[in-house]
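A.B. asks: What follows is model28.cif, mmCIF, C-alpha atoms and all ligand atoms.
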```cif
data_query
loop_
_atom_site.label_atom_id
_atom_site.label_comp_id
_atom_site.auth_asym_id
_atom_site.auth_seq_id
_atom_site.Cartn_x
_atom_site.Cartn_y
_atom_site.Cartn_z
CA MET A 15 53.64 44.86 106.28
CA ARG A 16 51.30 47.52 104.92
CA ALA A 17 52.91 49.98 102.55
CA ASP A 18 52.38 52.87 104.92
CA SER A 19 53.06 51.09 108.17
CA TRP A 20 56.56 52.54 108.36
CA VAL A 21 54.88 55.92 108.76
CA ASP A 22 53.30 54.94 112.03
CA SER A 23 56.37 53.23 113.38
CA ASP A 24 58.55 56.16 112.38
CA ARG A 25 56.23 58.54 114.18
CA ALA A 26 56.14 56.35 117.23
CA ARG A 27 59.93 56.26 117.46
CA ARG A 28 60.37 59.98 116.93
CA PRO A 29 58.24 62.06 119.28
CA SER A 30 57.06 65.09 117.35
CA ALA A 31 58.13 68.49 118.58
CA ARG A 32 54.77 69.73 117.37
CA MET A 33 53.21 67.92 120.29
CA ALA A 34 55.11 70.28 122.55
CA ILE A 35 52.77 73.14 121.80
CA GLN A 36 49.59 71.12 122.01
CA PRO A 37 49.09 72.03 125.68
CA LEU A 38 49.13 75.69 124.63
CA LEU A 39 46.22 75.03 122.34
CA VAL A 40 44.05 73.18 124.84
CA SER A 41 44.78 75.47 127.75
CA GLY A 42 43.30 78.55 126.18
CA HIS A 43 46.42 80.10 124.69
CA ARG A 44 44.97 79.43 121.28
CA SER A 45 42.54 82.34 121.53
CA ARG A 46 45.41 84.73 122.19
CA ARG A 47 47.31 83.46 119.17
CA PRO A 48 44.83 83.73 116.34
CA TRP A 49 47.39 82.69 113.75
CA LEU A 50 47.42 79.26 115.36
CA ARG A 51 43.81 78.67 114.41
CA SER A 52 44.64 76.82 111.27
CA VAL A 53 47.13 74.52 112.97
CA ARG A 54 45.61 71.20 113.80
CA PHE A 55 47.11 68.17 115.46
CA ARG A 56 45.34 65.20 114.09
CA ARG A 57 46.98 62.06 115.28
CA GLY A 58 44.76 59.05 114.87
CA HIS A 59 42.15 60.99 112.93
CA GLY A 60 41.92 58.29 110.33
CA ALA A 61 43.59 60.01 107.41
CA VAL A 62 46.58 58.34 105.85
CA ALA A 63 49.55 60.45 106.85
CA GLU A 64 51.65 60.60 103.69
CA ARG A 65 55.15 61.59 104.73
CA THR A 66 58.69 61.56 103.54
CA SER A 67 59.27 58.29 101.82
CA PRO A 68 61.65 55.80 103.41
CA PRO A 69 64.98 56.16 101.65
CA SER A 70 65.29 52.48 100.91
CA SER A 71 62.01 51.96 99.12
CA ALA A 72 60.54 55.18 97.86
CA GLY A 73 62.38 55.26 94.61
CA LEU A 74 63.14 58.88 95.14
CA GLY A 75 66.57 57.89 96.31
CA GLY A 76 66.18 54.14 96.78
CA GLY A 77 64.75 51.23 94.85
CA ARG A 78 66.54 49.59 91.95
CA PRO A 79 68.72 52.28 90.45
CA GLY A 80 69.81 50.23 87.46
CA ARG A 81 66.23 49.76 86.29
CA ARG A 82 64.83 53.19 86.99
CA PRO A 83 63.61 54.82 83.78
CA PRO A 84 65.23 58.14 82.89
CA VAL A 85 63.49 61.44 83.49
CA GLY A 86 60.78 62.28 80.99
CA THR A 87 59.96 58.76 79.83
CA SER A 88 56.33 58.05 79.09
CA ALA A 89 54.39 54.90 79.99
CA ALA A 90 54.92 53.46 76.50
CA GLU A 91 58.69 54.03 76.64
CA ARG A 92 58.91 52.54 80.10
CA THR A 93 57.14 49.40 78.88
CA VAL A 94 59.32 48.91 75.84
CA ARG A 95 62.72 49.99 77.11
CA HIS A 96 62.60 49.11 80.77
CA GLY A 97 60.38 46.04 80.91
CA GLN A 98 57.91 47.65 83.32
CA PRO A 99 54.33 46.36 83.28
CA SER A 100 52.40 47.34 80.19
CA VAL A 101 50.18 50.25 81.07
CA THR A 102 49.35 51.67 77.68
CA GLN A 103 46.61 49.11 76.94
CA SER A 104 44.99 49.60 80.31
CA LEU A 105 45.15 53.38 79.84
CA ARG A 106 43.04 53.02 76.73
CA ALA A 107 40.59 50.72 78.50
CA ARG A 108 40.29 53.07 81.43
CA ALA A 109 39.40 56.11 79.35
CA GLU A 110 35.83 54.81 79.23
CA GLN A 111 35.58 54.61 83.03
CA LEU A 112 36.65 58.22 83.35
CA ARG A 113 33.41 59.45 81.83
CA SER A 114 31.76 58.93 85.21
CA ASN A 115 34.50 60.11 87.65
CA PRO A 116 34.46 56.89 89.71
CA LEU A 117 36.25 58.49 92.67
CA LEU A 118 33.48 61.06 93.05
CA THR A 119 30.91 58.26 92.85
CA LEU A 120 32.77 56.21 95.47
CA HIS A 121 33.07 59.22 97.77
CA GLY A 122 29.33 59.82 97.50
CA ALA A 123 28.43 56.16 98.00
CA THR A 124 30.58 55.80 101.12
CA GLY A 125 29.63 59.14 102.62
CA GLY A 126 33.30 60.18 102.53
CA GLY A 127 34.16 57.94 105.48
CA SER A 128 37.79 57.45 106.37
CA ASP A 129 37.54 53.64 105.96
CA ALA A 130 36.91 53.99 102.26
CA ARG A 131 39.57 56.67 101.84
CA ALA A 132 42.61 54.45 102.38
CA GLU A 133 41.82 52.30 99.36
CA ALA A 134 40.41 55.16 97.29
CA ILE A 135 43.60 57.22 97.43
CA ARG A 136 45.69 54.33 96.15
CA THR A 137 43.34 53.47 93.32
CA TYR A 138 42.49 57.03 92.27
CA ALA A 139 43.91 60.10 94.01
CA PHE A 140 44.26 61.73 97.41
CA ALA A 141 41.70 64.46 96.71
CA VAL A 142 38.27 64.09 95.13
CA PRO A 143 37.71 66.18 92.00
CA SER A 144 34.18 67.53 91.69
CA ASP A 145 32.67 68.50 88.34
CA ALA A 146 32.72 72.14 89.43
CA ALA A 147 36.44 71.94 90.26
CA LEU A 148 37.24 70.33 86.89
CA ASP A 149 35.11 72.91 85.08
CA LEU A 150 36.96 75.71 86.85
CA ILE A 151 40.40 74.33 85.98
CA GLN A 152 39.32 73.83 82.38
CA ARG A 153 38.15 77.44 82.24
CA ILE A 154 41.19 79.12 83.78
CA ALA A 155 43.99 76.92 82.42
CA SER A 156 43.58 77.95 78.82
CA SER A 157 47.23 77.31 77.96
CA GLY A 158 47.29 73.87 79.53
CA VAL A 159 48.33 72.28 82.81
CA VAL A 160 51.56 70.84 84.13
CA GLU A 161 50.90 68.55 87.09
CA ILE A 162 53.79 67.64 89.39
CA GLY A 163 53.55 64.72 91.82
CA ALA A 164 50.67 63.24 89.80
CA GLY A 165 50.75 59.69 91.26
CA THR A 166 48.25 57.63 89.22
CA GLY A 167 47.39 60.65 87.05
CA TYR A 168 43.70 60.58 87.98
CA TRP A 169 43.19 64.38 88.01
CA ALA A 170 45.30 64.71 84.86
CA ALA A 171 43.19 62.10 83.07
CA LEU A 172 39.89 63.73 84.01
CA LEU A 173 41.14 67.10 82.80
CA ALA A 174 42.49 65.63 79.57
CA ALA A 175 39.13 63.92 79.00
CA ARG A 176 37.61 67.42 79.03
CA GLY A 177 40.04 68.58 76.40
CA VAL A 178 42.61 70.26 78.66
CA ASP A 179 46.20 69.91 77.41
CA VAL A 180 47.91 68.19 80.36
CA VAL A 181 51.47 67.02 80.98
CA ALA A 182 51.94 65.15 84.25
CA TYR A 183 55.06 64.07 86.13
CA ASP A 184 55.98 61.95 89.11
CA PRO A 185 59.41 60.56 90.07
CA ALA A 186 57.82 57.11 90.32
CA PRO A 187 54.49 57.04 88.47
CA ALA A 188 52.04 54.21 89.16
CA PRO A 189 52.47 51.25 88.89
CA SER A 190 56.15 51.66 89.73
CA SER A 191 57.25 49.51 92.65
CA ASP A 192 59.43 52.45 93.64
CA ASN A 193 56.33 54.34 94.77
CA HIS A 194 55.13 52.98 98.09
CA LEU A 195 51.75 54.69 97.64
CA PHE A 196 50.88 53.46 94.17
CA ALA A 197 53.02 50.36 93.63
CA GLY A 198 51.16 47.92 91.39
CA ARG A 199 48.25 50.36 90.87
CA GLN A 200 47.15 50.95 87.31
CA PRO A 201 47.65 54.54 86.18
CA TRP A 202 44.88 56.67 84.73
CA TYR A 203 47.15 58.82 82.61
CA ASP A 204 50.53 58.65 80.93
CA VAL A 205 52.45 60.24 83.79
CA ARG A 206 56.04 60.97 82.82
CA VAL A 207 59.03 60.34 85.04
CA GLY A 208 60.09 63.65 86.56
CA ASP A 209 60.15 65.71 89.72
CA GLU A 210 59.85 69.41 90.61
CA HIS A 211 62.56 70.30 88.04
CA ALA A 212 60.12 69.46 85.25
CA VAL A 213 58.20 72.73 85.78
CA ALA A 214 61.01 74.68 84.12
CA ALA A 215 60.03 73.33 80.70
CA HIS A 216 56.33 74.19 81.10
CA VAL A 217 56.06 77.65 82.64
CA ASP A 218 53.53 78.69 80.01
CA ARG A 219 51.07 76.21 81.56
CA THR A 220 49.20 76.41 84.88
CA LEU A 221 50.98 74.45 87.61
CA LEU A 222 48.74 71.88 89.33
CA LEU A 223 49.69 70.36 92.69
CA VAL A 224 47.27 67.86 94.19
CA TRP A 225 48.07 66.73 97.72
CA PRO A 226 51.79 67.52 97.47
CA THR A 227 53.75 65.43 99.95
CA PHE A 228 53.54 66.37 103.62
CA ASP A 229 56.66 67.91 105.16
CA GLU A 230 58.83 67.47 102.08
CA ALA A 231 60.69 70.31 100.40
CA TRP A 232 59.80 69.52 96.77
CA PRO A 233 56.36 71.21 96.64
CA ALA A 234 57.87 74.54 97.73
CA GLU A 235 60.74 74.06 95.30
CA ALA A 236 58.33 73.39 92.45
CA ALA A 237 56.36 76.57 93.28
CA GLU A 238 59.53 78.66 93.55
CA ARG A 239 61.16 77.27 90.42
CA TYR A 240 57.98 77.79 88.39
CA HIS A 241 57.74 81.37 89.69
CA ARG A 242 61.42 82.12 88.98
CA ARG A 243 60.98 81.01 85.37
CA GLY A 244 57.97 83.30 84.92
CA GLY A 245 55.03 80.98 85.79
CA ARG A 246 51.79 82.88 86.43
CA GLN A 247 49.18 80.58 87.98
CA VAL A 248 49.15 77.72 90.48
CA ILE A 249 46.24 75.46 91.35
CA TYR A 250 46.77 73.81 94.70
CA VAL A 251 44.46 71.08 95.98
CA GLY A 252 45.09 70.14 99.57
CA GLU A 253 44.83 71.23 103.16
CA PRO A 254 45.53 74.60 104.77
CA ALA A 255 48.71 75.23 106.79
CA GLY A 256 49.00 72.74 109.64
CA GLY A 257 47.42 69.99 107.58
CA LEU A 258 48.95 66.97 105.89
CA THR A 259 50.03 68.57 102.60
CA GLY A 260 53.21 70.51 101.87
CA ASP A 261 55.55 71.94 104.47
CA ALA A 262 55.66 75.28 106.30
CA ARG A 263 57.74 76.89 103.57
CA PHE A 264 55.22 75.82 100.93
CA HIS A 265 52.37 77.48 102.84
CA ALA A 266 54.46 80.61 103.47
CA LEU A 267 55.17 80.99 99.74
CA PHE A 268 51.41 81.00 99.18
CA GLY A 269 50.71 83.47 102.00
CA MET A 270 48.89 80.77 103.98
CA LEU A 271 51.31 80.91 106.92
CA GLU A 272 52.50 84.26 108.16
CA HIS A 273 54.57 83.21 111.18
CA CYS A 274 57.52 80.93 111.73
CA PHE A 275 56.47 78.25 114.19
CA ALA A 276 59.97 76.79 114.25
CA CYS A 277 61.32 79.99 115.81
CA ALA A 278 58.23 81.11 117.72
CA TYR A 279 57.78 77.77 119.50
CA GLY A 280 61.05 75.94 118.96
CA LEU A 281 59.44 73.28 116.78
CA LEU A 282 62.27 71.09 115.65
CA ASP A 283 60.42 69.23 112.90
CA SER A 284 59.24 72.36 111.10
CA PRO A 285 61.63 74.27 108.82
CA CYS A 286 62.49 77.87 109.75
CA ILE A 287 60.61 80.12 107.34
CA CYS A 288 61.72 83.50 108.71
CA GLY A 289 62.34 85.85 105.81
CA THR A 290 60.29 83.77 103.33
CA GLU A 291 58.33 86.01 101.01
CA SER A 292 54.89 85.04 99.72
CA ILE A 293 55.27 84.95 95.97
CA TRP A 294 51.72 83.75 95.29
CA ARG A 295 48.43 85.51 96.12
CA GLN A 296 45.18 83.63 96.59
CA ALA A 297 42.78 84.60 93.83
CA ARG A 298 40.03 82.13 94.50
CA THR A 299 39.18 79.07 96.53
CA MET A 300 36.54 76.41 96.01
CA ASP A 301 35.00 73.68 98.15
CA ILE A 302 35.60 70.15 96.96
CA PRO A 303 34.35 66.88 98.46
CA GLN A 304 36.25 66.10 101.65
CA TRP A 305 37.06 62.80 103.26
CA GLU A 306 36.28 62.52 106.95
CA GLY A 307 39.03 64.26 108.92
CA CYS A 308 40.42 66.11 105.90
CA GLU A 309 40.07 69.75 104.95
CA ASP A 310 40.74 69.56 101.23
CA ARG A 311 39.98 72.62 99.15
CA LEU A 312 40.97 73.85 95.74
CA TYR A 313 42.96 77.10 95.73
CA ILE A 314 43.92 79.26 92.79
CA PHE A 315 46.96 81.48 93.18
CA GLU A 316 48.27 84.27 91.01
CA ARG A 317 51.84 85.41 90.74
CA VAL A 318 53.15 88.19 93.00
CA ASP A 319 56.29 89.83 91.70
CA PRO A 320 59.41 89.70 93.92
CA GLY A 321 59.51 92.39 96.60
CA LEU A 322 55.71 92.78 96.77
CA GLY A 323 54.77 89.82 98.98
CA HIS A 324 54.46 89.39 102.75
CA VAL A 325 57.79 88.52 104.39
CA VAL A 326 57.57 86.17 107.38
CA PRO A 327 59.06 88.06 110.34
CA ASN A 328 61.62 86.55 112.70
CA PRO A 329 59.89 86.50 116.13
CA LEU A 330 63.22 86.47 117.98
CA GLN A 331 64.37 89.67 116.33
CA ARG A 332 61.12 91.35 117.19
CA ARG A 333 61.51 90.54 120.88
CA ARG A 334 64.97 92.12 121.01
CA TRP A 335 63.45 95.53 120.31
CA PRO A 336 60.13 95.50 122.22
CA TRP A 337 59.69 99.27 121.99
CA ARG A 338 59.52 99.06 118.21
CA LYS A 339 56.09 99.72 116.75
CA GLY A 340 53.96 96.57 116.78
CA ALA A 341 56.66 94.36 118.25
CA LEU A 342 54.61 93.29 121.26
CA ARG A 343 51.39 92.55 119.43
C1 LIG B 1 50.48 62.35 98.37
S1 LIG B 1 50.97 61.78 96.81
C2 LIG B 1 49.80 62.63 95.80
C3 LIG B 1 49.71 62.02 94.46
C4 LIG B 1 48.57 62.56 93.60
N1 LIG B 1 48.73 63.96 93.35
C5 LIG B 1 47.24 62.29 94.24
O1 LIG B 1 46.54 63.22 94.61
O2 LIG B 1 46.90 61.11 94.37
C6 LIG B 1 52.47 62.65 96.51
C7 LIG B 1 53.15 62.27 95.22
O3 LIG B 1 54.32 63.09 95.11
C8 LIG B 1 55.32 62.33 94.48
N2 LIG B 1 56.64 62.91 94.75
C9 LIG B 1 57.55 62.59 95.69
N3 LIG B 1 58.66 63.31 95.56
C10 LIG B 1 58.47 64.13 94.50
C11 LIG B 1 59.26 65.12 93.86
N4 LIG B 1 60.49 65.42 94.29
N5 LIG B 1 58.74 65.77 92.80
C12 LIG B 1 57.51 65.49 92.36
N6 LIG B 1 56.70 64.56 92.92
C13 LIG B 1 57.17 63.89 94.00
C14 LIG B 1 55.16 60.95 95.07
O4 LIG B 1 55.75 59.97 94.24
C15 LIG B 1 53.64 60.84 95.15
O5 LIG B 1 53.13 60.20 94.01
#
```
As structure tokens, what does this structure read like?
Ligand SMILES: C[S@@+](CC[C@H](N)C(=O)[O-])C[C@H]1O[C@@H](n2cnc3c(N)ncnc32)[C@H](O)[C@@H]1O

C.D. replies:
Amino acid sequence: MRADSWVDSDRARRPSARMAIQPLLVSGHRSRRPWLRSVRFRRGHGAVAERTSPPSSAGLGGGRPGRRPPVGTSAAERTVRHGQPSVTQSLRARAEQLRSNPLLTLHGATGGGSDARAEAIRTYAFAVPSDAALDLIQRIASSGVVEIGAGTGYWAALLAARGVDVVAYDPAPAPSSDNHLFAGRQPWYDVRVGDEHAVAAHVDRTLLLVWPTFDEAWPAEAAERYHRRGGRQVIYVGEPAGGLTGDARFHALFGMLEHCFACAYGLLDSPCICGTESIWRQARTMDIPQWEGCEDRLYIFERVDPGLGHVVPNPLQRRRWPWRKGALR
């Protein structure tokens, strides 16, 4: 069974409530609801739909609890103390390969086709770092980077190779068999064991999130926790709202989603985000290479202090008082 095959079967068993509003989009309603423009429904578009991990195998709740390394352990410690495959030697060997950014080369050689993507994301990373993107991160992250959900650590390694001070975390870093995406894959960087809680110890650094998991709560929690502790800058690499990265709350925190689809359209598989305040403001965005069917971009966000962001309105409350200014827009 392919590592991601449970995704398809899970989707097949559980009809998505999102599909319920698809007819609205194709029947012309879309033009009257401009905020829906960014919402895309891309079944069968070829991208690997990375979703909530199955509880039994993801290692984020399953796996072999007795053997799971404690939070914060590095690759070297995992090798020595927990008998996991030796990765430190291969990390050294791989440093040479990083001079040429092999993922960028592969993307160029294959024309960014979706066939090549499936293997590329498991060997390298979900998004393709361009030289311009790496230059920009190097320039703006002068006090270092903390990457959460780093997977193989490919972005972290490329940044470190340019002299950026990077700490990277993942609950199950490659090659952990607890990570269904990167099991058995050699890492590119010494990714430490840790989840969204790790940001608290690194708020002086820029937070980097590359393709944070689709429809899971942790990316939003990482962004909120980092903000609460005083963090100032987030670099997000992924898709806009309605894509396959983050959940609705995540996009609302970054001001990328201004309406609650759960309440407006009764979408059962989308969290209610009414009352969520955007605590991050987009400062800059940059094109990066995109795989076929994906809309990856790099976004830079700056901190917005509490009370100054956009608050997602509750559409049901607005309908109760239609004579109120703007309620019927
Ligand atoms: C779609 S992958 C992206 C990995 C990497 N950033 C990339 O671009 O290849 C999402 C990653 O998030 C990690 N993850 C899952 N739950 C997490 C959590 N609670 N905190 C941090 N990372 C988590 C997964 O283990 C996985 O490696």

A.B. asks: Return the single residue from A:Ala89, A:Ala214, A:Ile293, A:Leu282 that is closest to A:Val160, with distances computed using all atoms listed in the file.

C.D. replies: A:Ala214

A.B. asks: Tell me which of A:Leu105, A:Val178, A:Ala276, A:Ala132 sits closest to ligand LIG 1 (chain B), counting all atoms listed in the file.

C.D. replies: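 Counting all atoms listed in the file, the residue closest to ligand LIG 1 (chain B) is A:Ala132.
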
A.B. asks: Just to confirm, what's the straight-line distance from atom CA of A:Asp179 to atom CA of A:Thr119 in Å (one decimal)?

C.D. replies: 24.7 Å

A.B. asks: I'd like the neighbourhood of A:Phe268 as JSON, numbers by chain, where a residue qualifies if any of its atoms comes within 12 Å (using only C-alpha atoms), though same-chain residues fewer than 4 positions away should be ignored.

C.D. replies: {"A": [233, 234, 237, 238, 241, 247, 248, 249, 250, 254, 255, 260, 261, 262, 263, 264, 272, 290, 291, 292, 293, 294, 295, 296, 297, 313, 314, 315, 316, 317, 318, 323, 324, 325, 326]}

A.B. asks: Pick the closest to ligand LIG 1 (chain B) from A:Gly125, A:Pro201, A:Pro143, A:Gly208: which is it, counting only C-alpha atoms and all ligand atoms?

C.D. replies: A:Gly208

A.B. asks: List all protein, DNA and RNA residues that have an atom no more than 9 Å from any atom of ligand LIG 1 (chain B), counting all atoms listed in the file, and report them as a ChimeraX atom specification.

C.D. replies: /A:63-67,72-74,135-142,161-169,183-188,192-196,208-212,222-228,230-233,235-236,251-252,258-259

A.B. asks: Just the number, please: distance in Å from atom CA of A:Arg131 to atom CA of A:Leu173, one decimal.

C.D. replies: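 Separation between atom CA of A:Arg131 and atom CA of A:Leu173: 21.8 Å.
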
A.B. asks: Using all atoms listed in the file, pick whichever of A:Ser88, A:Ser114, A:Thr93, A:Ser104 has the shortest atom-to-atom distance to A:Ser144.

C.D. replies: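 Selected residue with least distance to A:Ser144: A:Ser114.
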
A.B. asks: Which is closest to A:Ala107 among A:Ser156, A:Thr299, A:Asn328, A:Gln200, if we use only C-alpha atoms?

C.D. replies: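 Smallest separation from A:Ala107 among the options: A:Gln200.
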
A.B. asks: Please measure the separation of atom CA of A:Pro83 and atom CA of A:Val207, giving the value in Å to one decimal.

C.D. replies: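 The value is 7.3 Å.
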
A.B. asks: Between A:Glu306, A:Asp218, A:Ala175, A:Gly198, single out the one closest to A:Leu112, counting only C-alpha atoms.

C.D. replies: A:Ala175
